[in-house]
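So this one's upload-v7.cif, mmCIF, C-alpha atoms, pLDDT in the B column; chains and numbers go by the auth columns:
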```
data_query
loop_
_atom_site.group_PDB
_atom_site.id
_atom_site.type_symbol
_atom_site.label_atom_id
_atom_site.label_comp_id
_atom_site.label_asym_id
_atom_site.label_seq_id
_atom_site.Cartn_x
_atom_site.Cartn_y
_atom_site.Cartn_z
_atom_site.B_iso_or_equiv
_atom_site.auth_seq_id
_atom_site.auth_asym_id
ATOM 1 C CA MET A 1 0.000 0.000 0.000 93.00 1 A
ATOM 2 C CA ASN A 2 1.261 3.444 -0.881 96.00 2 A
ATOM 3 C CA LEU A 3 0.663 5.660 2.165 98.00 3 A
ATOM 4 C CA HIS A 4 1.487 8.922 0.377 98.00 4 A
ATOM 5 C CA GLY A 5 -1.498 11.261 0.280 97.00 5 A
ATOM 6 C CA LYS A 6 -3.706 8.876 2.257 98.00 6 A
ATOM 7 C CA THR A 7 -5.261 9.908 5.566 98.00 7 A
ATOM 8 C CA PHE A 8 -5.069 7.825 8.733 98.00 8 A
ATOM 9 C CA ILE A 9 -6.235 8.263 12.307 98.00 9 A
ATOM 10 C CA ILE A 10 -3.821 7.337 15.102 98.00 10 A
ATOM 11 C CA THR A 11 -5.061 7.230 18.694 98.00 11 A
ATOM 12 C CA GLY A 12 -2.730 7.484 21.674 97.00 12 A
ATOM 13 C CA ALA A 13 -0.491 9.672 19.532 98.00 13 A
ATOM 14 C CA SER A 14 0.946 11.985 22.192 97.00 14 A
ATOM 15 C CA ARG A 15 3.845 9.729 23.241 96.00 15 A
ATOM 16 C CA GLY A 16 5.487 6.324 22.931 96.00 16 A
ATOM 17 C CA ILE A 17 4.536 4.106 20.027 97.00 17 A
ATOM 18 C CA GLY A 18 1.774 6.462 18.909 98.00 18 A
ATOM 19 C CA GLU A 19 4.136 9.420 18.632 98.00 19 A
ATOM 20 C CA ALA A 20 6.772 7.334 16.834 98.00 20 A
ATOM 21 C CA LEU A 21 4.145 5.933 14.459 98.00 21 A
ATOM 22 C CA ALA A 22 2.848 9.407 13.638 98.00 22 A
ATOM 23 C CA LEU A 23 6.345 10.517 12.656 98.00 23 A
ATOM 24 C CA GLU A 24 7.083 7.380 10.627 98.00 24 A
ATOM 25 C CA MET A 25 3.778 7.537 8.745 98.00 25 A
ATOM 26 C CA ALA A 26 4.314 11.229 8.061 98.00 26 A
ATOM 27 C CA LYS A 27 7.748 10.431 6.622 98.00 27 A
ATOM 28 C CA ALA A 28 5.950 8.028 4.280 98.00 28 A
ATOM 29 C CA GLY A 29 3.703 10.891 3.149 98.00 29 A
ATOM 30 C CA ALA A 30 0.520 10.049 5.051 98.00 30 A
ATOM 31 C CA ASN A 31 -1.800 12.794 6.265 98.00 31 A
ATOM 32 C CA LEU A 32 -2.859 12.242 9.857 98.00 32 A
ATOM 33 C CA VAL A 33 -5.527 12.831 12.445 98.00 33 A
ATOM 34 C CA LEU A 34 -3.912 12.415 15.843 98.00 34 A
ATOM 35 C CA GLY A 35 -5.843 11.679 19.010 98.00 35 A
ATOM 36 C CA ALA A 36 -4.833 11.595 22.677 98.00 36 A
ATOM 37 C CA ARG A 37 -6.108 12.831 26.019 96.00 37 A
ATOM 38 C CA ASN A 38 -3.139 15.093 26.809 97.00 38 A
ATOM 39 C CA GLN A 39 -3.720 18.167 24.651 97.00 39 A
ATOM 40 C CA VAL A 40 -0.363 19.846 25.271 98.00 40 A
ATOM 41 C CA ALA A 41 1.656 16.724 24.446 97.00 41 A
ATOM 42 C CA LEU A 42 -0.580 15.976 21.470 98.00 42 A
ATOM 43 C CA GLU A 43 -0.105 19.425 19.986 98.00 43 A
ATOM 44 C CA PHE A 44 3.661 19.073 20.371 98.00 44 A
ATOM 45 C CA VAL A 45 3.547 15.877 18.282 98.00 45 A
ATOM 46 C CA ARG A 46 1.203 17.543 15.792 98.00 46 A
ATOM 47 C CA ASP A 47 3.741 20.323 15.262 98.00 47 A
ATOM 48 C CA ARG A 48 6.572 17.820 14.751 98.00 48 A
ATOM 49 C CA VAL A 49 4.483 15.960 12.175 98.00 49 A
ATOM 50 C CA ARG A 50 3.573 19.184 10.387 98.00 50 A
ATOM 51 C CA GLU A 51 7.268 19.991 9.964 98.00 51 A
ATOM 52 C CA LEU A 52 7.518 16.847 7.804 98.00 52 A
ATOM 53 C CA GLY A 53 5.292 18.466 5.185 97.00 53 A
ATOM 54 C CA VAL A 54 2.023 16.570 5.563 98.00 54 A
ATOM 55 C CA GLN A 55 -1.429 17.658 6.669 98.00 55 A
ATOM 56 C CA VAL A 56 -2.232 16.916 10.300 98.00 56 A
ATOM 57 C CA VAL A 57 -5.095 17.567 12.717 98.00 57 A
ATOM 58 C CA ALA A 58 -5.012 17.023 16.486 98.00 58 A
ATOM 59 C CA VAL A 59 -8.163 16.007 18.371 98.00 59 A
ATOM 60 C CA ALA A 60 -7.755 16.012 22.148 98.00 60 A
ATOM 61 C CA GLY A 61 -9.896 13.670 24.245 98.00 61 A
ATOM 62 C CA SER A 62 -10.606 10.020 24.888 97.00 62 A
ATOM 63 C CA ALA A 63 -11.276 7.811 21.881 96.00 63 A
ATOM 64 C CA ALA A 64 -13.847 6.059 24.068 98.00 64 A
ATOM 65 C CA SER A 65 -15.987 9.188 23.831 98.00 65 A
ATOM 66 C CA ASP A 66 -18.594 9.094 21.085 98.00 66 A
ATOM 67 C CA ALA A 67 -18.059 12.788 20.359 98.00 67 A
ATOM 68 C CA VAL A 68 -14.259 12.498 20.155 98.00 68 A
ATOM 69 C CA ALA A 69 -14.351 9.426 17.909 98.00 69 A
ATOM 70 C CA ARG A 70 -16.873 11.145 15.661 98.00 70 A
ATOM 71 C CA GLN A 71 -14.690 14.267 15.509 98.00 71 A
ATOM 72 C CA MET A 72 -11.589 12.292 14.544 98.00 72 A
ATOM 73 C CA VAL A 73 -13.406 10.547 11.701 98.00 73 A
ATOM 74 C CA GLN A 74 -14.918 13.811 10.488 98.00 74 A
ATOM 75 C CA ALA A 75 -11.479 15.436 10.490 98.00 75 A
ATOM 76 C CA ALA A 76 -10.092 12.522 8.459 98.00 76 A
ATOM 77 C CA LEU A 77 -12.894 12.857 5.925 98.00 77 A
ATOM 78 C CA GLU A 78 -12.219 16.569 5.592 98.00 78 A
ATOM 79 C CA LEU A 79 -8.519 15.934 4.918 98.00 79 A
ATOM 80 C CA GLY A 80 -9.587 13.545 2.156 97.00 80 A
ATOM 81 C CA HIS A 81 -8.567 10.065 1.020 97.00 81 A
ATOM 82 C CA PHE A 82 -9.443 8.555 4.426 98.00 82 A
ATOM 83 C CA LYS A 83 -7.801 5.138 4.311 98.00 83 A
ATOM 84 C CA GLY A 84 -7.868 3.775 7.848 98.00 84 A
ATOM 85 C CA PHE A 85 -6.919 3.969 11.491 98.00 85 A
ATOM 86 C CA VAL A 86 -4.525 2.592 14.071 98.00 86 A
ATOM 87 C CA HIS A 87 -6.055 2.210 17.519 98.00 87 A
ATOM 88 C CA ASN A 88 -2.983 2.545 19.691 98.00 88 A
ATOM 89 C CA ALA A 89 -4.514 4.245 22.742 96.00 89 A
ATOM 90 C CA GLY A 90 -4.477 2.191 25.901 95.00 90 A
ATOM 91 C CA ILE A 91 -3.951 2.440 29.655 96.00 91 A
ATOM 92 C CA LEU A 92 -2.071 -0.196 31.664 95.00 92 A
ATOM 93 C CA ASN A 93 -2.380 0.645 35.392 95.00 93 A
ATOM 94 C CA ALA A 94 0.106 -2.090 36.295 94.00 94 A
ATOM 95 C CA GLY A 95 0.836 -3.492 39.741 96.00 95 A
ATOM 96 C CA PRO A 96 -2.379 -4.156 41.654 97.00 96 A
ATOM 97 C CA LEU A 97 -3.901 -7.611 41.638 98.00 97 A
ATOM 98 C CA VAL A 98 -7.387 -7.863 40.103 98.00 98 A
ATOM 99 C CA TYR A 99 -9.150 -7.576 43.452 98.00 99 A
ATOM 100 C CA GLU A 100 -6.952 -4.637 44.495 98.00 100 A
ATOM 101 C CA LEU A 101 -7.612 -2.488 41.424 97.00 101 A
ATOM 102 C CA VAL A 102 -10.049 0.332 42.160 97.00 102 A
ATOM 103 C CA GLU A 103 -13.062 0.688 39.895 98.00 103 A
ATOM 104 C CA ALA A 104 -11.939 3.970 38.318 98.00 104 A
ATOM 105 C CA ARG A 105 -8.633 2.381 37.198 97.00 105 A
ATOM 106 C CA TYR A 106 -10.507 -0.650 35.861 98.00 106 A
ATOM 107 C CA ASP A 107 -12.758 1.623 33.818 98.00 107 A
ATOM 108 C CA GLU A 108 -9.750 3.514 32.406 97.00 108 A
ATOM 109 C CA ILE A 109 -8.197 0.277 31.132 98.00 109 A
ATOM 110 C CA LEU A 110 -11.342 -1.111 29.521 98.00 110 A
ATOM 111 C CA GLU A 111 -12.472 2.192 28.046 98.00 111 A
ATOM 112 C CA SER A 112 -9.137 3.136 26.479 97.00 112 A
ATOM 113 C CA ASN A 113 -8.345 -0.260 24.993 98.00 113 A
ATOM 114 C CA VAL A 114 -11.753 -1.732 24.155 98.00 114 A
ATOM 115 C CA LYS A 115 -14.389 0.980 24.058 98.00 115 A
ATOM 116 C CA GLY A 116 -12.027 3.318 22.214 98.00 116 A
ATOM 117 C CA GLY A 117 -11.570 0.713 19.497 98.00 117 A
ATOM 118 C CA TYR A 118 -15.306 0.094 19.312 98.00 118 A
ATOM 119 C CA GLN A 119 -16.149 3.806 19.023 98.00 119 A
ATOM 120 C CA LEU A 120 -13.534 4.361 16.339 98.00 120 A
ATOM 121 C CA ALA A 121 -14.747 1.365 14.330 98.00 121 A
ATOM 122 C CA ARG A 122 -18.377 2.408 14.766 98.00 122 A
ATOM 123 C CA HIS A 123 -17.767 5.805 13.204 98.00 123 A
ATOM 124 C CA ALA A 124 -15.036 4.888 10.709 98.00 124 A
ATOM 125 C CA TYR A 125 -16.271 1.637 9.173 98.00 125 A
ATOM 126 C CA PRO A 126 -19.257 3.059 7.259 98.00 126 A
ATOM 127 C CA HIS A 127 -16.751 5.217 5.360 98.00 127 A
ATOM 128 C CA LEU A 128 -13.908 2.684 5.126 98.00 128 A
ATOM 129 C CA LEU A 129 -16.261 0.139 3.562 98.00 129 A
ATOM 130 C CA ARG A 130 -16.529 2.477 0.582 95.00 130 A
ATOM 131 C CA GLN A 131 -12.734 2.699 0.166 91.00 131 A
ATOM 132 C CA GLU A 132 -11.015 -0.221 -1.539 93.00 132 A
ATOM 133 C CA GLY A 133 -7.986 -1.411 0.410 95.00 133 A
ATOM 134 C CA SER A 134 -8.870 0.454 3.605 98.00 134 A
ATOM 135 C CA VAL A 135 -7.301 -0.769 6.831 98.00 135 A
ATOM 136 C CA ALA A 136 -7.984 -0.948 10.577 98.00 136 A
ATOM 137 C CA VAL A 137 -5.182 -1.837 12.973 98.00 137 A
ATOM 138 C CA PHE A 138 -5.600 -2.648 16.648 98.00 138 A
ATOM 139 C CA LEU A 139 -2.584 -2.669 18.966 98.00 139 A
ATOM 140 C CA GLY A 140 -2.612 -5.996 20.753 98.00 140 A
ATOM 141 C CA SER A 141 -0.328 -7.589 23.296 97.00 141 A
ATOM 142 C CA GLY A 142 1.110 -10.958 24.173 95.00 142 A
ATOM 143 C CA ALA A 143 -0.377 -10.270 27.620 95.00 143 A
ATOM 144 C CA ALA A 144 -3.724 -11.312 26.124 97.00 144 A
ATOM 145 C CA GLU A 145 -2.525 -14.935 26.270 96.00 145 A
ATOM 146 C CA HIS A 146 -0.942 -14.925 29.727 95.00 146 A
ATOM 147 C CA ASN A 147 -1.950 -14.580 33.371 96.00 147 A
ATOM 148 C CA VAL A 148 0.644 -12.320 34.960 96.00 148 A
ATOM 149 C CA PRO A 149 -0.141 -10.926 38.432 97.00 149 A
ATOM 150 C CA GLY A 150 -0.313 -7.155 38.290 96.00 150 A
ATOM 151 C CA MET A 151 -1.442 -7.047 34.653 96.00 151 A
ATOM 152 C CA GLY A 152 -4.724 -8.942 34.882 97.00 152 A
ATOM 153 C CA ILE A 153 -7.256 -6.341 33.805 98.00 153 A
ATOM 154 C CA TYR A 154 -4.940 -5.028 31.106 97.00 154 A
ATOM 155 C CA ALA A 155 -4.601 -8.574 29.744 97.00 155 A
ATOM 156 C CA ILE A 156 -8.379 -8.975 29.782 98.00 156 A
ATOM 157 C CA ALA A 157 -8.760 -5.681 27.909 98.00 157 A
ATOM 158 C CA LYS A 158 -6.190 -6.668 25.287 98.00 158 A
ATOM 159 C CA ALA A 159 -7.835 -10.069 24.807 98.00 159 A
ATOM 160 C CA ALA A 160 -11.147 -8.284 24.254 98.00 160 A
ATOM 161 C CA GLU A 161 -9.590 -5.756 21.883 98.00 161 A
ATOM 162 C CA GLU A 162 -7.963 -8.507 19.843 98.00 162 A
ATOM 163 C CA HIS A 163 -11.288 -10.335 19.674 98.00 163 A
ATOM 164 C CA LEU A 164 -12.915 -7.101 18.511 98.00 164 A
ATOM 165 C CA ALA A 165 -10.429 -6.918 15.643 98.00 165 A
ATOM 166 C CA ARG A 166 -11.067 -10.525 14.622 98.00 166 A
ATOM 167 C CA GLN A 167 -14.818 -9.940 14.829 98.00 167 A
ATOM 168 C CA LEU A 168 -14.584 -6.928 12.548 98.00 168 A
ATOM 169 C CA ALA A 169 -12.449 -8.954 10.129 98.00 169 A
ATOM 170 C CA VAL A 170 -15.253 -11.505 9.843 98.00 170 A
ATOM 171 C CA GLU A 171 -18.132 -9.048 9.716 98.00 171 A
ATOM 172 C CA ALA A 172 -16.555 -6.591 7.267 98.00 172 A
ATOM 173 C CA PRO A 173 -13.962 -8.503 5.212 98.00 173 A
ATOM 174 C CA ASP A 174 -13.594 -5.693 2.670 98.00 174 A
ATOM 175 C CA VAL A 175 -11.736 -3.638 5.305 98.00 175 A
ATOM 176 C CA ILE A 176 -8.316 -5.106 6.054 98.00 176 A
ATOM 177 C CA CYS A 177 -8.316 -5.550 9.812 98.00 177 A
ATOM 178 C CA PHE A 178 -5.498 -7.008 11.879 98.00 178 A
ATOM 179 C CA ILE A 179 -3.857 -6.984 15.289 98.00 179 A
ATOM 180 C CA TYR A 180 -0.375 -5.577 15.679 98.00 180 A
ATOM 181 C CA ARG A 181 1.620 -6.742 18.681 98.00 181 A
ATOM 182 C CA PRO A 182 4.410 -4.178 18.977 97.00 182 A
ATOM 183 C CA GLY A 183 6.846 -6.178 21.118 95.00 183 A
ATOM 184 C CA ILE A 184 8.292 -5.153 24.477 94.00 184 A
ATOM 185 C CA VAL A 185 8.821 -1.470 23.820 95.00 185 A
ATOM 186 C CA GLU A 186 10.713 1.123 25.814 92.00 186 A
ATOM 187 C CA THR A 187 7.819 3.413 26.758 90.00 187 A
ATOM 188 C CA ASP A 188 6.052 4.657 29.878 86.00 188 A
ATOM 189 C CA TYR A 189 4.429 1.194 30.022 85.00 189 A
ATOM 190 C CA THR A 190 7.782 -0.498 30.570 87.00 190 A
ATOM 191 C CA ARG A 191 8.824 2.031 33.187 87.00 191 A
ATOM 192 C CA GLN A 192 5.474 1.621 34.919 88.00 192 A
ATOM 193 C CA LEU A 193 5.968 -2.143 35.106 91.00 193 A
ATOM 194 C CA ILE A 194 9.510 -1.848 36.432 91.00 194 A
ATOM 195 C CA GLU A 195 8.307 0.563 39.144 92.00 195 A
ATOM 196 C CA ALA A 196 4.971 -1.189 39.791 91.00 196 A
ATOM 197 C CA GLU A 197 3.283 -1.059 43.190 94.00 197 A
ATOM 198 C CA GLY A 198 0.679 -3.443 44.544 96.00 198 A
ATOM 199 C CA GLY A 199 0.220 -7.162 45.024 97.00 199 A
ATOM 200 C CA GLY A 200 1.598 -8.017 41.585 95.00 200 A
ATOM 201 C CA ALA A 201 4.746 -5.912 41.885 94.00 201 A
ATOM 202 C CA SER A 202 6.868 -8.808 43.145 95.00 202 A
ATOM 203 C CA VAL A 203 6.187 -10.568 39.823 95.00 203 A
ATOM 204 C CA VAL A 204 6.100 -7.825 37.193 93.00 204 A
ATOM 205 C CA ARG A 205 9.088 -5.830 38.460 94.00 205 A
ATOM 206 C CA PRO A 206 11.692 -8.609 38.142 95.00 206 A
ATOM 207 C CA LEU A 207 10.022 -9.966 34.986 92.00 207 A
ATOM 208 C CA PHE A 208 10.376 -6.713 33.056 92.00 208 A
ATOM 209 C CA LYS A 209 13.771 -5.916 34.549 92.00 209 A
ATOM 210 C CA SER A 210 14.908 -9.264 33.122 95.00 210 A
ATOM 211 C CA TYR A 211 13.565 -8.315 29.686 92.00 211 A
ATOM 212 C CA VAL A 212 15.662 -5.130 29.824 91.00 212 A
ATOM 213 C CA ALA A 213 18.761 -6.995 31.031 92.00 213 A
ATOM 214 C CA GLN A 214 18.404 -9.576 28.244 94.00 214 A
ATOM 215 C CA GLY A 215 18.110 -6.916 25.542 94.00 215 A
ATOM 216 C CA GLN A 216 14.537 -7.875 24.627 94.00 216 A
ATOM 217 C CA VAL A 217 13.227 -4.318 24.829 94.00 217 A
ATOM 218 C CA ILE A 218 13.046 -2.405 21.543 95.00 218 A
ATOM 219 C CA SER A 219 12.543 1.295 20.853 96.00 219 A
ATOM 220 C CA ALA A 220 9.207 2.834 19.940 97.00 220 A
ATOM 221 C CA GLU A 221 10.775 3.864 16.636 97.00 221 A
ATOM 222 C CA GLN A 222 11.720 0.262 15.791 97.00 222 A
ATOM 223 C CA SER A 223 8.212 -0.958 16.463 98.00 223 A
ATOM 224 C CA ALA A 224 6.602 1.911 14.562 98.00 224 A
ATOM 225 C CA ARG A 225 8.845 1.381 11.523 98.00 225 A
ATOM 226 C CA ALA A 226 7.887 -2.294 11.468 98.00 226 A
ATOM 227 C CA LEU A 227 4.183 -1.449 11.360 98.00 227 A
ATOM 228 C CA VAL A 228 4.738 1.074 8.576 98.00 228 A
ATOM 229 C CA ARG A 229 6.578 -1.590 6.556 98.00 229 A
ATOM 230 C CA ILE A 230 3.650 -3.963 7.067 98.00 230 A
ATOM 231 C CA LEU A 231 1.214 -1.302 5.847 98.00 231 A
ATOM 232 C CA GLU A 232 3.412 -0.455 2.860 97.00 232 A
ATOM 233 C CA GLY A 233 3.733 -4.124 1.946 96.00 233 A
ATOM 234 C CA ASN A 234 0.756 -6.478 1.762 96.00 234 A
ATOM 235 C CA PRO A 235 -1.323 -5.939 4.917 98.00 235 A
ATOM 236 C CA ARG A 236 -4.120 -8.101 3.519 97.00 236 A
ATOM 237 C CA LYS A 237 -2.146 -11.239 4.415 97.00 237 A
ATOM 238 C CA TYR A 238 -2.607 -10.380 8.106 98.00 238 A
ATOM 239 C CA HIS A 239 -6.372 -9.877 7.838 98.00 239 A
ATOM 240 C CA GLY A 240 -8.008 -11.331 10.954 98.00 240 A
ATOM 241 C CA ARG A 241 -4.610 -12.345 12.305 98.00 241 A
ATOM 242 C CA VAL A 242 -1.769 -11.116 14.489 98.00 242 A
ATOM 243 C CA ALA A 243 1.244 -9.328 13.015 98.00 243 A
ATOM 244 C CA THR A 244 4.289 -8.486 15.118 97.00 244 A
ATOM 245 C CA TRP A 245 7.284 -6.197 14.815 93.00 245 A
ATOM 246 C CA GLU A 246 9.198 -9.264 13.637 93.00 246 A
ATOM 247 C CA SER A 247 6.744 -10.055 10.824 88.00 247 A
ATOM 248 C CA ILE A 248 8.784 -8.118 8.262 75.00 248 A
#
```
Would you give me this structure, written as structure tokens?
Amino acid sequence: MNLHGKTFIITGASRGIGEALALEMAKAGANLVLGARNQVALEFVRDRVRELGVQVVAVAGSAASDAVARQMVQAALELGHFKGFVHNAGILNAGPLVYELVEARYDEILESNVKGGYQLARHAYPHLLRQEGSVAVFLGSGAAEHNVPGMGIYAIAKAAEEHLARQLAVEAPDVICFIYRPGIVETDYTRQLIEAEGGGASVVRPLFKSYVAQGQVISAEQSARALVRILEGNPRKYHGRVATWESI
């Protein structure tokens, strides 16, 4: 797929993988609608993207909000050649065991990862179905397949988000839809796990410190570049499946 001149939405674009992906897609010539809750950080990324010579719009707010998701899709339509989205937004809240996690933190995890993806798909798919070769990418995680103390609700959310992607792949096969597992990436997530507090800290802290010590942690830029290469290649082969940063 040639990304040049196409418009994509990226959620969670104010830092980490989302920020790196915005810059890499802009380098490939894509126009972007960037979403995140932190307006100041989001506008900083928007300005960096704009310096690369593409069109870019920033929409501050939670993708789980109907109004915000609608606004992002409308902005993409106004830029023209709306080709797809990458739902990267997600909250981890690592450390507490399931029964220790307060309700507000639980809601943050499920809303950012699952409801955000649902809202984006709900507003974007009616338009993407009219665009041949359109694409929807959901950021998954290997955590969806494991039971690690201190990451339980996050793992549940990622399992649900990955199922959402597979469901969309079945229900709307004309839109290329796949899960992208970005690897163990050096972001705020990794730092949060290494500094975790709560009943699961005794497990997640040494686990992720060992990943760092063994050189298994990659940069956000590495992971973002891998996803861009997948999109520029033949993303259809991952339809309804999981792609990883090592797939290329």
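Look at Gly61 (chain A): the protein and nucleic acid residues within 9 Å of it, using only C-alpha atoms and passing over chain neighbours fewer than 4 places away, are A:Gly35, A:Ala36, A:Arg37, A:Asn38, A:Gln39, A:Ser65, A:Val68, A:Ala69.
Between CA of Arg130 (chain A) and CA of Val175 (chain A) the interatomic distance comes to 9.1 Å.
Matched in the shown structure by the PyMOL selection byres ((chain A and resi 106) around 10): A:Ile91, A:Leu92, A:Asn93, A:Val98, A:Leu101, A:Val102, A:Glu103, A:Ala104, A:Arg105, A:Asp107, A:Glu108, A:Ile109, A:Leu110, A:Glu111, A:Ile153, A:Tyr154, A:Ala157.
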Set out as JSON lines a contact list for region 71-113 of chain A and region 195-217 of chain A with a cut-off of 8 Å, giving each residue of region 71-113 of chain A that qualifies its closest atom pair and distance in Å to one decimal, counting all atoms listed in the file, ordered by chain and rising residue number.
```
{"residue": "A:Ala94", "atom": "CA", "partner": "A:Ala196", "partner_atom": "CA", "distance": 6.1}
{"residue": "A:Gly95", "atom": "CA", "partner": "A:Ala196", "partner_atom": "CA", "distance": 4.7}
{"residue": "A:Pro96", "atom": "CA", "partner": "A:Gly198", "partner_atom": "CA", "distance": 4.3}
{"residue": "A:Leu97", "atom": "CA", "partner": "A:Gly199", "partner_atom": "CA", "distance": 5.4}
{"residue": "A:Glu100", "atom": "CA", "partner": "A:Gly199", "partner_atom": "CA", "distance": 7.6}
```
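Take CA of Met151 (chain A) and CA of Ala136 (chain A): the distance between them is 25.7 Å.
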Within 6 Å of Leu32 (chain A) using all atoms listed in the file, minus same-chain residues under 2 positions, as a PDB file with C-alpha atoms, in the frame of the given file:
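New file result-v9.pdb:
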```
ATOM      1  CA  THR A   7      -5.261   9.908   5.566  1.00 98.00           C
ATOM      2  CA  PHE A   8      -5.069   7.825   8.733  1.00 98.00           C
ATOM      3  CA  ILE A   9      -6.235   8.263  12.307  1.00 98.00           C
ATOM      4  CA  VAL A  56      -2.232  16.916  10.300  1.00 98.00           C
TER       5      VAL A  56
END
```
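Here CA of Val40 (chain A) is placed at a distance of 19.3 Å from CA of Ala64 (chain A).
Using all atoms listed in the file, the nearest neighbour of Leu168 (chain A) within the list A:Pro182, A:Arg122, A:Ile194, A:Glu132 is A:Arg122.
For Ala165 (chain A), the list of residues within 9 Å, based on only C-alpha atoms and with local chain neighbours fewer than 6 positions off taken out, reads Gly117, Ala136, Val137, Phe138, Cys177, Phe178, Ile179, Gly240 and Arg241 of chain A.
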### Task
Using the chain letters and residue numbers of this document, give as an MDAnalysis selection string the residues selected by the PyMOL selection byres ((chain A and resi 224) around 8).
chainID A and resid 17:18 20:21 24 182 220:223 225:228
For the selection just defined, write its residues with C-alpha atoms to a file, as a tab-separated table (two decimals), in the frame of the given file.
```
chain	number	residue	atom	x	y	z
A	17	ILE	CA	4.54	4.11	20.03
A	18	GLY	CA	1.77	6.46	18.91
A	20	ALA	CA	6.77	7.33	16.83
A	21	LEU	CA	4.14	5.93	14.46
A	24	GLU	CA	7.08	7.38	10.63
A	182	PRO	CA	4.41	-4.18	18.98
A	220	ALA	CA	9.21	2.83	19.94
A	221	GLU	CA	10.78	3.86	16.64
A	222	GLN	CA	11.72	0.26	15.79
A	223	SER	CA	8.21	-0.96	16.46
A	225	ARG	CA	8.85	1.38	11.52
A	226	ALA	CA	7.89	-2.29	11.47
A	227	LEU	CA	4.18	-1.45	11.36
A	228	VAL	CA	4.74	1.07	8.58
```
For Gly133 (chain A), list every protein, DNA or RNA residue within 7 Å, evaluated using all atoms listed in the file, and leave out those in the same chain fewer than 2 positions away; present the list as a PDB file with C-alpha atoms, in the frame of the given file.
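What landed in result_30.pdb:
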```
ATOM      1  CA  GLN A 131     -12.734   2.699   0.166  1.00 91.00           C
ATOM      2  CA  VAL A 135      -7.301  -0.769   6.831  1.00 98.00           C
ATOM      3  CA  VAL A 175     -11.736  -3.638   5.305  1.00 98.00           C
ATOM      4  CA  ILE A 176      -8.316  -5.106   6.054  1.00 98.00           C
TER       5      ILE A 176
END
```
### Summary
The residue from A:Gly12, A:Gly5, A:Gly90, A:Pro235 with the smallest atom-to-atom distance to Gly140 (chain A), counting all atoms listed in the file, is A:Gly90
### Contacts of Ala30 (chain A) at 7 Å (all atoms listed in the file; same-chain gap of 4+ positions) as a list in words
Leu3, His4, Gly5, Lys6, Thr7, Met25, Ala26 and Val54 of chain A
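Nearest-residue note for Ala89 (chain A): choosing from A:Glu161, A:Glu186, A:Glu246, A:Asp174, the minimum distance belongs to A:Glu161, counting all atoms listed in the file.
Here, the PyMOL selection byres ((chain A and resi 47-52) around 10) matches Glu19, Ala22, Leu23, Glu24, Met25, Ala26, Lys27, Ala28, Gly29, Asn31, Leu32, Leu34, Leu42, Glu43, Phe44, Val45, Arg46, Gly53, Val54, Gln55, Val56, Val57 and Ala58 of chain A.
Using only C-alpha atoms, the nearest neighbour of Pro173 (chain A) within the list A:Ala160, A:Val148, A:Leu139, A:Leu128 is A:Leu128.
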